[in-house]
>>> print(open('model19.txt').read())   # compact mmCIF, C-alpha atoms
# COMPACT_ATOMS: atom_id res chain seq x y z
CA MET A 1 -43.75 66.69 72.23
CA LEU A 2 -43.11 69.17 75.07
CA ALA A 3 -45.22 71.96 73.56
CA GLY A 4 -48.23 71.05 75.67
CA LEU A 5 -46.26 71.65 78.88
CA VAL A 6 -45.48 75.29 78.00
CA THR A 7 -48.47 77.56 77.45
CA SER A 8 -46.59 80.77 76.62
CA PRO A 9 -45.91 80.99 72.86
CA MET A 10 -42.90 83.27 73.26
CA LEU A 11 -41.41 81.00 75.93
CA ARG A 12 -41.71 78.10 73.46
CA VAL A 13 -39.92 80.21 70.86
CA GLY A 14 -37.10 80.95 73.30
CA LEU A 15 -36.82 77.29 74.30
CA ALA A 16 -36.86 76.29 70.62
CA GLY A 17 -33.99 78.65 69.89
CA LEU A 18 -31.96 77.48 72.88
CA THR A 19 -32.57 73.80 72.11
CA ALA A 20 -31.58 74.22 68.47
CA PHE A 21 -28.44 76.12 69.47
CA VAL A 22 -27.30 73.43 71.92
CA VAL A 23 -28.09 70.55 69.54
CA SER A 24 -26.32 72.31 66.67
CA LEU A 25 -23.23 72.92 68.80
CA ALA A 26 -23.10 69.34 70.05
CA VAL A 27 -23.67 67.73 66.66
CA GLY A 28 -21.23 70.15 65.01
CA ALA A 29 -18.34 69.21 67.30
CA TRP A 30 -18.88 65.53 66.47
CA LEU A 31 -19.39 66.15 62.74
CA ILE A 32 -16.14 68.06 62.38
CA ARG A 33 -14.12 65.23 63.92
CA PHE A 34 -16.00 62.55 61.98
CA PHE A 35 -15.81 64.30 58.61
CA ARG A 36 -12.09 64.98 59.03
CA GLU A 37 -11.47 61.31 59.73
CA LYS A 38 -13.56 60.27 56.70
CA GLN A 39 -12.08 63.03 54.50
CA VAL A 40 -15.43 64.65 53.75
CA ILE A 41 -13.54 67.71 52.55
CA GLU A 42 -14.91 70.35 50.20
CA ASP A 43 -13.00 71.05 47.00
CA THR A 44 -12.79 74.86 47.07
CA ARG A 45 -10.95 75.20 43.76
CA GLN A 46 -12.59 77.44 41.15
CA PRO A 47 -11.10 76.45 37.79
CA ASP A 48 -13.51 78.68 35.87
CA HIS A 49 -12.14 81.90 37.39
CA ALA A 50 -8.43 82.35 38.09
CA GLY A 51 -8.86 85.25 40.53
CA LEU A 52 -11.48 83.47 42.60
CA ASP A 53 -9.50 80.24 42.48
CA ALA A 54 -6.45 81.99 43.93
CA VAL A 55 -8.51 83.16 46.91
CA GLN A 56 -10.76 80.17 47.54
CA SER A 57 -8.14 77.46 47.01
CA GLN A 58 -6.41 78.66 50.18
CA LYS A 59 -9.27 77.11 52.17
CA LYS A 60 -7.98 73.58 52.33
CA ASN A 61 -8.97 70.57 54.40
CA VAL A 62 -12.27 72.08 55.59
CA PRO A 63 -15.12 69.56 55.99
CA THR A 64 -18.45 70.22 54.29
CA MET A 65 -22.08 69.08 54.81
CA GLY A 66 -22.22 71.12 58.02
CA GLY A 67 -25.84 71.73 57.12
CA LEU A 68 -26.54 68.42 58.85
CA MET A 69 -25.93 70.09 62.22
CA ILE A 70 -28.39 72.86 61.30
CA ILE A 71 -30.98 70.31 60.20
CA ALA A 72 -30.48 68.34 63.43
CA GLY A 73 -30.95 71.47 65.52
CA VAL A 74 -34.07 72.60 63.66
CA LEU A 75 -35.72 69.18 63.63
CA VAL A 76 -35.06 68.30 67.27
CA SER A 77 -36.21 71.73 68.40
CA ALA A 78 -39.30 71.79 66.18
CA LEU A 79 -40.33 68.28 67.21
CA LEU A 80 -39.94 69.14 70.89
CA TRP A 81 -41.54 72.58 71.02
CA ASN A 82 -44.02 72.74 68.13
CA ASP A 83 -47.58 71.44 68.10
CA LEU A 84 -47.16 68.28 66.04
CA SER A 85 -50.91 67.81 65.72
CA THR A 86 -51.05 70.69 63.22
CA ASP A 87 -50.53 70.39 59.47
CA HIS A 88 -48.17 73.36 59.46
CA ALA A 89 -45.70 71.80 61.89
CA MET A 90 -45.47 68.55 59.94
CA LEU A 91 -45.31 70.34 56.60
CA ALA A 92 -42.22 72.18 57.84
CA VAL A 93 -40.60 68.82 58.60
CA GLY A 94 -41.37 67.80 55.02
CA VAL A 95 -39.67 70.91 53.64
CA VAL A 96 -36.54 70.15 55.70
CA ALA A 97 -36.56 66.51 54.57
CA VAL A 98 -36.93 67.20 50.83
CA LEU A 99 -34.41 70.02 50.56
CA GLY A 100 -32.05 68.39 53.05
CA VAL A 101 -31.95 65.23 50.92
CA ALA A 102 -31.55 67.25 47.69
CA GLY A 103 -28.67 69.21 49.21
CA PHE A 104 -27.06 66.06 50.60
CA VAL A 105 -27.22 64.36 47.18
CA ASP A 106 -25.69 67.45 45.58
CA ASP A 107 -22.83 67.54 48.10
CA TYR A 108 -22.30 63.77 47.80
CA ILE A 109 -21.96 63.96 44.01
CA LYS A 110 -19.41 66.77 44.34
CA LEU A 111 -17.38 64.76 46.83
CA TYR A 112 -17.39 61.29 45.35
CA HIS A 113 -18.22 61.57 41.66
CA LYS A 114 -15.56 63.97 40.42
CA PRO A 115 -15.25 65.83 38.14
CA ALA A 116 -19.03 66.20 38.51
CA ARG A 117 -20.07 69.54 40.05
CA GLY A 118 -23.21 68.23 41.76
CA LEU A 119 -26.79 68.63 40.62
CA ASN A 120 -27.18 71.06 37.74
CA LYS A 121 -29.26 74.23 37.98
CA LYS A 122 -32.28 72.74 36.22
CA GLN A 123 -32.39 69.75 38.57
CA LYS A 124 -32.22 71.97 41.65
CA LEU A 125 -34.88 74.30 40.28
CA LEU A 126 -37.18 71.38 39.50
CA VAL A 127 -36.95 70.07 43.08
CA GLN A 128 -37.46 73.54 44.57
CA PHE A 129 -40.33 74.43 42.26
CA LEU A 130 -42.20 71.16 42.76
CA LEU A 131 -41.72 71.36 46.53
CA GLY A 132 -42.96 74.96 46.58
CA ALA A 133 -46.00 74.06 44.47
CA GLY A 134 -46.80 71.17 46.80
CA VAL A 135 -46.45 73.38 49.87
CA GLY A 136 -48.62 76.06 48.27
CA TYR A 137 -51.33 73.54 47.38
CA LEU A 138 -51.40 72.03 50.88
CA LEU A 139 -51.45 75.45 52.55
CA MET A 140 -54.28 76.53 50.24
CA ARG A 141 -56.30 73.39 51.04
CA SER A 142 -55.61 73.72 54.77
CA GLY A 143 -56.66 77.38 54.74
CA ALA A 144 -59.89 76.63 52.88
CA PHE A 145 -60.74 73.89 55.36
CA ALA A 146 -60.08 76.20 58.32
CA ALA A 147 -62.13 79.01 56.81
CA GLY A 148 -65.14 76.87 56.05
CA GLU A 149 -67.28 76.71 52.93
CA GLY A 150 -68.01 80.09 51.37
CA GLN A 151 -65.54 81.92 53.61
CA PRO A 152 -62.39 83.78 52.39
CA ASN A 153 -59.26 81.63 52.38
CA ALA A 154 -56.62 83.47 54.43
CA ALA A 155 -53.89 81.20 53.07
CA THR A 156 -54.17 82.58 49.53
CA MET A 157 -54.23 86.21 50.64
CA LEU A 158 -51.16 88.30 49.80
CA PHE A 159 -50.62 91.08 52.33
CA ALA A 160 -48.35 94.06 51.83
CA PRO A 161 -47.35 96.98 54.07
CA THR A 162 -49.54 100.09 53.56
CA ALA A 163 -51.91 98.18 51.22
CA SER A 164 -55.54 99.01 51.96
CA SER A 165 -56.65 95.43 51.33
CA PRO A 166 -54.97 92.08 50.57
CA TRP A 167 -54.86 90.47 47.14
CA ASP A 168 -56.53 87.10 46.87
CA LEU A 169 -54.33 85.02 44.58
CA GLY A 170 -56.76 82.12 44.49
CA GLY A 171 -55.32 79.19 42.52
CA TRP A 172 -52.34 81.32 41.46
CA TYR A 173 -51.14 81.00 45.05
CA VAL A 174 -49.61 77.62 44.16
CA LEU A 175 -47.38 79.23 41.53
CA TRP A 176 -46.50 82.06 43.90
CA ALA A 177 -45.42 79.56 46.57
CA ALA A 178 -43.35 77.65 44.01
CA PHE A 179 -41.63 80.86 42.89
CA LEU A 180 -40.88 81.97 46.46
CA MET A 181 -39.49 78.56 47.44
CA ALA A 182 -37.21 78.39 44.40
CA ALA A 183 -36.11 82.02 44.66
CA LEU A 184 -35.18 81.99 48.34
CA SER A 185 -33.67 78.52 48.36
CA ASN A 186 -31.42 79.54 45.46
CA ALA A 187 -30.66 82.91 47.06
CA VAL A 188 -29.25 81.39 50.26
CA ASN A 189 -27.39 78.79 48.20
CA LEU A 190 -25.69 81.51 46.15
CA THR A 191 -24.82 83.56 49.24
CA ASP A 192 -23.01 80.65 50.85
CA GLY A 193 -19.56 81.58 49.58
CA LEU A 194 -17.69 83.19 52.48
CA ASP A 195 -17.11 82.11 56.07
CA GLY A 196 -20.11 83.11 58.16
CA LEU A 197 -21.91 84.99 55.38
CA ALA A 198 -24.97 82.77 54.82
CA GLY A 199 -25.10 81.49 58.42
CA GLY A 200 -24.91 84.94 59.96
CA GLY A 201 -27.35 86.41 57.47
CA MET A 202 -29.87 83.68 58.22
CA ALA A 203 -29.44 84.06 62.00
CA ILE A 204 -30.21 87.78 61.66
CA ALA A 205 -33.21 87.23 59.35
CA ALA A 206 -34.72 84.44 61.49
CA GLY A 207 -34.11 86.45 64.66
CA ALA A 208 -35.93 89.42 63.17
CA MET A 209 -38.81 87.15 62.18
CA ILE A 210 -39.38 86.33 65.85
CA LEU A 211 -40.34 89.98 66.34
CA VAL A 212 -41.94 90.60 62.96
CA ILE A 213 -44.32 87.62 62.89
CA PRO A 214 -46.38 88.60 65.99
CA MET A 215 -46.57 92.22 64.79
CA VAL A 216 -47.87 91.22 61.37
CA PHE A 217 -50.34 88.75 62.89
CA VAL A 218 -51.84 91.35 65.23
CA ASN A 219 -52.02 94.06 62.56
CA VAL A 220 -53.53 91.73 59.94
CA ALA A 221 -56.10 90.48 62.46
CA GLN A 222 -57.08 94.00 63.54
CA THR A 223 -56.96 95.75 60.17
CA HIS A 224 -58.16 93.03 57.79
CA GLN A 225 -60.03 90.68 60.17
CA PHE A 226 -57.90 87.72 59.07
CA GLN A 227 -56.00 85.37 61.36
CA PRO A 228 -53.39 83.50 59.31
CA PRO A 229 -53.42 79.83 60.41
CA GLY A 230 -50.12 78.29 61.44
CA THR A 231 -48.55 81.51 62.71
CA ALA A 232 -47.66 79.97 66.08
CA GLN A 233 -45.90 77.07 64.35
CA ALA A 234 -44.02 79.44 62.04
CA LEU A 235 -42.89 81.47 65.05
CA VAL A 236 -41.43 78.43 66.83
CA LEU A 237 -39.75 77.38 63.57
CA ALA A 238 -38.15 80.82 63.22
CA GLY A 239 -36.75 80.46 66.74
CA ALA A 240 -35.36 77.03 65.88
CA VAL A 241 -33.72 78.33 62.68
CA ALA A 242 -32.18 81.29 64.53
CA GLY A 243 -30.77 79.00 67.22
CA ALA A 244 -29.46 76.33 64.85
CA THR A 245 -27.72 78.81 62.53
CA THR A 246 -26.15 80.60 65.48
CA GLY A 247 -24.79 77.26 66.67
CA PHE A 248 -23.44 76.59 63.17
CA LEU A 249 -21.85 80.04 63.12
CA TRP A 250 -19.79 79.04 66.17
CA TYR A 251 -17.79 76.73 63.89
CA ASN A 252 -18.25 78.54 60.59
CA ALA A 253 -16.92 81.96 61.65
CA HIS A 254 -13.65 82.85 59.90
CA PRO A 255 -11.54 80.79 59.62
CA ALA A 256 -14.25 78.19 59.12
CA GLN A 257 -13.92 74.75 60.69
CA ILE A 258 -16.79 73.44 58.56
CA PHE A 259 -18.88 74.59 55.59
CA MET A 260 -22.66 74.13 55.45
CA GLY A 261 -22.68 72.89 51.85
CA ASP A 262 -25.85 72.67 49.78
CA THR A 263 -27.22 70.39 52.51
CA GLY A 264 -27.60 73.48 54.67
CA SER A 265 -28.04 76.35 52.22
CA LEU A 266 -30.88 74.81 50.19
CA THR A 267 -32.69 73.80 53.37
CA LEU A 268 -32.31 77.19 55.05
CA GLY A 269 -33.58 79.04 51.99
CA GLY A 270 -36.58 76.73 51.81
CA LEU A 271 -37.35 77.27 55.49
CA LEU A 272 -37.13 81.04 55.00
CA ALA A 273 -39.70 80.76 52.21
CA TYR A 274 -41.95 78.41 54.19
CA ILE A 275 -42.04 80.65 57.26
CA ALA A 276 -42.80 83.65 55.04
CA LEU A 277 -45.68 81.83 53.32
CA VAL A 278 -47.29 80.65 56.56
CA ALA A 279 -46.85 83.89 58.50
CA LYS A 280 -47.96 86.09 55.53
CA LEU A 281 -44.55 87.71 55.09
CA ASP A 282 -44.62 86.85 51.37
CA LEU A 283 -43.47 90.32 50.29
CA LEU A 284 -41.79 91.49 53.49
CA VAL A 285 -39.37 88.55 53.30
CA PHE A 286 -37.59 90.30 50.42
CA VAL A 287 -36.68 93.03 52.89
CA LEU A 288 -35.92 90.61 55.72
CA GLY A 289 -33.64 88.58 53.47
CA ALA A 290 -32.12 91.52 51.63
CA VAL A 291 -28.60 90.08 51.90
CA PHE A 292 -29.67 86.96 50.00
CA VAL A 293 -31.87 88.84 47.54
CA ILE A 294 -29.04 91.22 46.60
CA ASP A 295 -26.63 88.37 45.89
CA GLU A 296 -29.21 86.50 43.82
CA ALA A 297 -30.24 89.66 41.94
CA THR A 298 -26.67 90.26 40.77
CA VAL A 299 -26.50 86.73 39.38
CA ALA A 300 -29.89 87.08 37.64
CA LEU A 301 -28.91 90.43 36.11
CA GLN A 302 -25.58 89.01 34.96
CA ILE A 303 -27.24 86.07 33.21
CA ALA A 304 -29.93 88.25 31.62
CA SER A 305 -27.40 90.81 30.37
CA PHE A 306 -25.10 88.17 28.89
CA LYS A 307 -27.93 86.35 27.11
CA LEU A 308 -29.50 89.55 25.72
CA THR A 309 -26.40 91.61 24.88
CA GLY A 310 -23.43 89.25 25.19
CA ARG A 311 -21.96 91.54 27.85
CA ARG A 312 -21.49 91.13 31.59
CA ILE A 313 -22.55 93.83 34.06
CA PHE A 314 -20.20 92.68 36.81
CA PRO A 315 -16.71 91.17 36.53
CA ILE A 316 -17.90 88.31 38.75
CA THR A 317 -21.05 87.25 40.60
CA PRO A 318 -22.45 86.77 43.20
CA ILE A 319 -21.52 90.30 44.23
CA HIS A 320 -19.70 89.26 47.42
CA HIS A 321 -17.00 87.69 45.22
CA TYR A 322 -16.58 91.04 43.42
CA PHE A 323 -15.58 92.67 46.71
CA GLN A 324 -13.32 89.71 47.48
CA VAL A 325 -11.53 89.31 44.14
CA HIS A 326 -11.58 92.74 42.48
CA LEU A 327 -11.67 95.16 45.41
CA ARG A 328 -9.56 92.80 47.53
CA TRP A 329 -11.52 93.45 50.72
CA PRO A 330 -10.61 91.07 53.54
CA GLU A 331 -13.15 88.29 53.92
CA GLN A 332 -14.06 89.36 57.46
CA LYS A 333 -14.79 92.91 56.28
CA ILE A 334 -17.12 91.70 53.51
CA VAL A 335 -19.01 89.41 55.87
CA MET A 336 -19.32 92.05 58.57
CA ARG A 337 -20.63 94.65 56.13
CA PHE A 338 -23.16 92.18 54.72
CA TRP A 339 -24.25 91.48 58.29
CA ILE A 340 -24.71 95.21 58.81
CA VAL A 341 -26.92 95.29 55.71
CA GLY A 342 -28.84 92.38 57.23
CA VAL A 343 -29.35 94.23 60.51
CA VAL A 344 -30.50 97.39 58.71
CA SER A 345 -32.96 95.39 56.59
CA ALA A 346 -34.20 93.66 59.74
CA VAL A 347 -34.89 97.02 61.40
CA LEU A 348 -36.62 98.23 58.24
CA SER A 349 -38.79 95.12 58.22
CA LEU A 350 -39.83 95.86 61.81
CA VAL A 351 -40.92 99.32 60.75
CA LEU A 352 -42.83 97.97 57.73
CA ALA A 353 -44.51 95.35 59.93
CA THR A 354 -46.36 98.15 61.71
CA CYS A 355 -47.90 99.23 58.40
CA TYR A 356 -49.94 96.11 57.66
>>> encode(input="model19.txt", output="structure tokens")
Amino acid sequence: MLAGLVTSPMLRVGLAGLTAFVVSLAVGAWLIRFFREKQVIEDTRQPDHAGLDAVQSQKKNVPTMGGLMIIAGVLVSALLWNDLSTDHAMLAVGVVAVLGVAGFVDDYIKLYHKPARGLNKKQKLLVQFLLGAGVGYLLMRSGAFAAGEGQPNAATMLFAPTASSPWDLGGWYVLWAAFLMAALSNAVNLTDGLDGLAGGGMAIAAGAMILVIPMVFVNVAQTHQFQPPGTAQALVLAGAVAGATTGFLWYNAHPAQIFMGDTGSLTLGGLLAYIALVAKLDLLVFVLGAVFVIDEATVALQIASFKLTGRRIFPITPIHHYFQVHLRWPEQKIVMRFWIVGVVSAVLSLVLATCY
């Protein structure tokens, strides 16, 4: 809407971040008051684990669905500062809409259909996988159209640091996009367990993307003679995500005044995957989002070990709860140390971005 008035891409990114931050702050203040009045309060009890229940049940009377303020910030900012005439900008809005609705339904079921625990894992995975496959197909078609008949499709190319040439996934790109969407959406969802953990981790990752995306674009263009389409839109979106999650963190820092719920965590993970797919950070995103990947990996290893051997590797997963329940680290210490891991992984991703 206002993108045409600002010619500098990086200025648009900065304005997108600032707009998302302000909108998120403003909406958040209203949401907290409204949700408290309507008793939209998250049930933090953990009946399946006594140790975790003892810790988490202390967080009483905290509203949930704070992800709505993040979604508001991202959407308003993206609609104002992105080029809405492009497929990539509108596809991002679709990702927010689908995962935002899925997360909202999940949170709603938890709140008002007790003792239901929300959507089950298979239902969430189905939504994430189908959305990812749809995004992958549309990106593949858009890339083929931009390249022209007989020309290489940059959208299906998988780039990696230090690799001499990219891998063309062809039709397999759809499955890769589906995997990445499901993996990262679940990863952020699993990490959302402590005050400020998921929000701060996402703010760091999205902030790093603002620097990484232009570096990867320039290096890919110079080294491989490819110009990934939609990079400018992904860059503005990264700025919007960084701003919106920082605004959310204002209220979610310990002790939290509001939780993001699945409304926020599923959406943020999906946006992380979408930005990575468009900006060709398909592999580098596992470094950028190391905090989320580590938490998800511990859960995956735990499930695999129990199914194959009947034994658990960790006393409890995701791993942040191990530090909380078994090592009895204060919540602020766990979150701060995970943030430090996020900053280190962001710096590492900047280094790797120079190797494309």
>>> atom_distance(input="model19.txt", atom1="CA of Leu119 in chain A", atom2="CA of Asp262 in chain A")
10.1 Å
>>> closest_atom_pairs(input="model19.txt", of="range 176-231 of chain A", to="range 273-287 of chain A", cutoff="9 Å", atoms="only C-alpha atoms", output="CSV")
residue,atom,partner,partner_atom,distance
A:Ala177,CA,A:Leu277,CA,7.1
A:Leu180,CA,A:Ala273,CA,6.0
A:Met181,CA,A:Ala273,CA,5.3
A:Ala182,CA,A:Ala273,CA,8.5
A:Ala183,CA,A:Ala273,CA,8.5
A:Leu184,CA,A:Ala273,CA,6.1
A:Ser185,CA,A:Ala273,CA,7.5
A:Ala205,CA,A:Val285,CA,8.7
A:Met209,CA,A:Ile275,CA,8.8
A:Val212,CA,A:Leu281,CA,8.8
A:Ile213,CA,A:Ala279,CA,6.3
A:Pro214,CA,A:Ala279,CA,8.9
A:Val216,CA,A:Lys280,CA,7.8
A:Phe217,CA,A:Ala279,CA,7.4
A:Pro228,CA,A:Ala279,CA,6.6
A:Pro229,CA,A:Val278,CA,7.3
A:Gly230,CA,A:Val278,CA,6.1
A:Thr231,CA,A:Ala279,CA,5.1
>>> residues_around(input="model19.txt", residues="Ala244 in chain A", least_positions_apart="6", cutoff="9 Å", atoms="only C-alpha atoms", output="list in words")
Gly17, Leu18, Thr19, Ala20, Phe21, Val22, Val23, Ser24, Leu25, Met69, Ile70, Ile71, Ala72, Gly73, Val74, Ser77 and Ala203 of chain A
>>> write_last_selection(input="model19.txt", atoms="C-alpha atoms", output="PDB file, in the coordinates of the input")
ATOM      1  CA  GLY A  17     -33.990  78.650  69.890  1.00  0.00           C
ATOM      2  CA  LEU A  18     -31.960  77.480  72.880  1.00  0.00           C
ATOM      3  CA  THR A  19     -32.570  73.800  72.110  1.00  0.00           C
ATOM      4  CA  ALA A  20     -31.580  74.220  68.470  1.00  0.00           C
ATOM      5  CA  PHE A  21     -28.440  76.120  69.470  1.00  0.00           C
ATOM      6  CA  VAL A  22     -27.300  73.430  71.920  1.00  0.00           C
ATOM      7  CA  VAL A  23     -28.090  70.550  69.540  1.00  0.00           C
ATOM      8  CA  SER A  24     -26.320  72.310  66.670  1.00  0.00           C
ATOM      9  CA  LEU A  25     -23.230  72.920  68.800  1.00  0.00           C
ATOM     10  CA  MET A  69     -25.930  70.090  62.220  1.00  0.00           C
ATOM     11  CA  ILE A  70     -28.390  72.860  61.300  1.00  0.00           C
ATOM     12  CA  ILE A  71     -30.980  70.310  60.200  1.00  0.00           C
ATOM     13  CA  ALA A  72     -30.480  68.340  63.430  1.00  0.00           C
ATOM     14  CA  GLY A  73     -30.950  71.470  65.520  1.00  0.00           C
ATOM     15  CA  VAL A  74     -34.070  72.600  63.660  1.00  0.00           C
ATOM     16  CA  SER A  77     -36.210  71.730  68.400  1.00  0.00           C
ATOM     17  CA  ALA A 203     -29.440  84.060  62.000  1.00  0.00           C
TER      18      ALA A 203
END
>>> atom_distance(input="model19.txt", atom1="CA of Leu308 in chain A", atom2="CA of Phe129 in chain A")
24.9 Å
>>> closest_residue(input="model19.txt", among="A:Ala253, A:Val325, A:Met90, A:Leu266", to="Val105 in chain A", atoms="all atoms listed in the file")
A:Leu266
>>> atom_distance(input="model19.txt", atom1="CA of Phe35 in chain A", atom2="CA of His320 in chain A")
27.6 Å
>>> residues_near_point(input="model19.txt", point="(-43.8, 76.7, 48.5)", cutoff="6 Å", atoms="only C-alpha atoms", output="ChimeraX atom specification")
/A:132-133,135-136,177-178,181
>>> closest_residue(input="model19.txt", among="A:Ile334, A:Leu111, A:Leu211, A:Ala353", to="Ala198 in chain A", atoms="all atoms listed in the file")
A:Ile334
>>> closest_residue(input="model19.txt", among="A:Gln222, A:Gln332, A:Thr317, A:Ser345", to="Leu52 in chain A", atoms="only C-alpha atoms")
A:Thr317
>>> closest_residue(input="model19.txt", among="A:Ala232, A:Val241, A:Leu190, A:Gly134", to="Ala89 in chain A", atoms="all atoms listed in the file")
A:Ala232
>>> build_atoms(input="model19.txt", residues="range 87-105 of chain A", atoms="N, CA and C atoms", output="mmCIF file, keeping the file's coordinate frame")
data_model
loop_
_atom_site.group_PDB
_atom_site.id
_atom_site.type_symbol
_atom_site.label_atom_id
_atom_site.label_comp_id
_atom_site.auth_asym_id
_atom_site.auth_seq_id
_atom_site.Cartn_x
_atom_site.Cartn_y
_atom_site.Cartn_z
ATOM 1 N N ASP A 87 -51.085 70.628 60.809
ATOM 2 C CA ASP A 87 -50.530 70.390 59.470
ATOM 3 C C ASP A 87 -49.285 71.217 59.231
ATOM 4 N N HIS A 88 -49.285 72.448 59.736
ATOM 5 C CA HIS A 88 -48.170 73.360 59.460
ATOM 6 C C HIS A 88 -46.859 72.880 60.063
ATOM 7 N N ALA A 89 -46.925 72.306 61.249
ATOM 8 C CA ALA A 89 -45.700 71.800 61.890
ATOM 9 C C ALA A 89 -45.116 70.639 61.100
ATOM 10 N N MET A 90 -45.957 69.720 60.669
ATOM 11 C CA MET A 90 -45.470 68.550 59.940
ATOM 12 C C MET A 90 -45.049 68.905 58.522
ATOM 13 N N LEU A 91 -45.692 69.905 57.939
ATOM 14 C CA LEU A 91 -45.310 70.340 56.600
ATOM 15 C C LEU A 91 -43.901 70.939 56.619
ATOM 16 N N ALA A 92 -43.566 71.637 57.692
ATOM 17 C CA ALA A 92 -42.220 72.180 57.840
ATOM 18 C C ALA A 92 -41.180 71.071 57.885
ATOM 19 N N VAL A 93 -41.508 69.976 58.566
ATOM 20 C CA VAL A 93 -40.600 68.820 58.600
ATOM 21 C C VAL A 93 -40.406 68.263 57.195
ATOM 22 N N GLY A 94 -41.471 68.258 56.406
ATOM 23 C CA GLY A 94 -41.370 67.800 55.020
ATOM 24 C C GLY A 94 -40.457 68.668 54.184
ATOM 25 N N VAL A 95 -40.541 69.981 54.368
ATOM 26 C CA VAL A 95 -39.670 70.910 53.640
ATOM 27 C C VAL A 95 -38.205 70.632 53.975
ATOM 28 N N VAL A 96 -37.915 70.449 55.261
ATOM 29 C CA VAL A 96 -36.540 70.150 55.700
ATOM 30 C C VAL A 96 -36.071 68.833 55.079
ATOM 31 N N ALA A 97 -36.939 67.832 55.084
ATOM 32 C CA ALA A 97 -36.560 66.510 54.570
ATOM 33 C C ALA A 97 -36.243 66.560 53.073
ATOM 34 N N VAL A 98 -37.116 67.180 52.290
ATOM 35 C CA VAL A 98 -36.930 67.200 50.830
ATOM 36 C C VAL A 98 -35.691 67.984 50.435
ATOM 37 N N LEU A 99 -35.563 69.196 50.941
ATOM 38 C CA LEU A 99 -34.410 70.020 50.560
ATOM 39 C C LEU A 99 -33.124 69.526 51.208
ATOM 40 N N GLY A 100 -33.228 68.964 52.418
ATOM 41 C CA GLY A 100 -32.050 68.390 53.050
ATOM 42 C C GLY A 100 -31.494 67.230 52.235
ATOM 43 N N VAL A 101 -32.380 66.353 51.749
ATOM 44 C CA VAL A 101 -31.950 65.230 50.920
ATOM 45 C C VAL A 101 -31.376 65.725 49.594
ATOM 46 N N ALA A 102 -32.045 66.703 48.961
ATOM 47 C CA ALA A 102 -31.550 67.250 47.690
ATOM 48 C C ALA A 102 -30.167 67.857 47.864
ATOM 49 N N GLY A 103 -29.977 68.618 48.946
ATOM 50 C CA GLY A 103 -28.670 69.210 49.210
ATOM 51 C C GLY A 103 -27.613 68.173 49.510
ATOM 52 N N PHE A 104 -27.995 67.134 50.266
ATOM 53 C CA PHE A 104 -27.060 66.060 50.600
ATOM 54 C C PHE A 104 -26.602 65.332 49.332
ATOM 55 N N VAL A 105 -27.557 65.033 48.443
ATOM 56 C CA VAL A 105 -27.220 64.360 47.180
ATOM 57 C C VAL A 105 -26.266 65.230 46.368
#
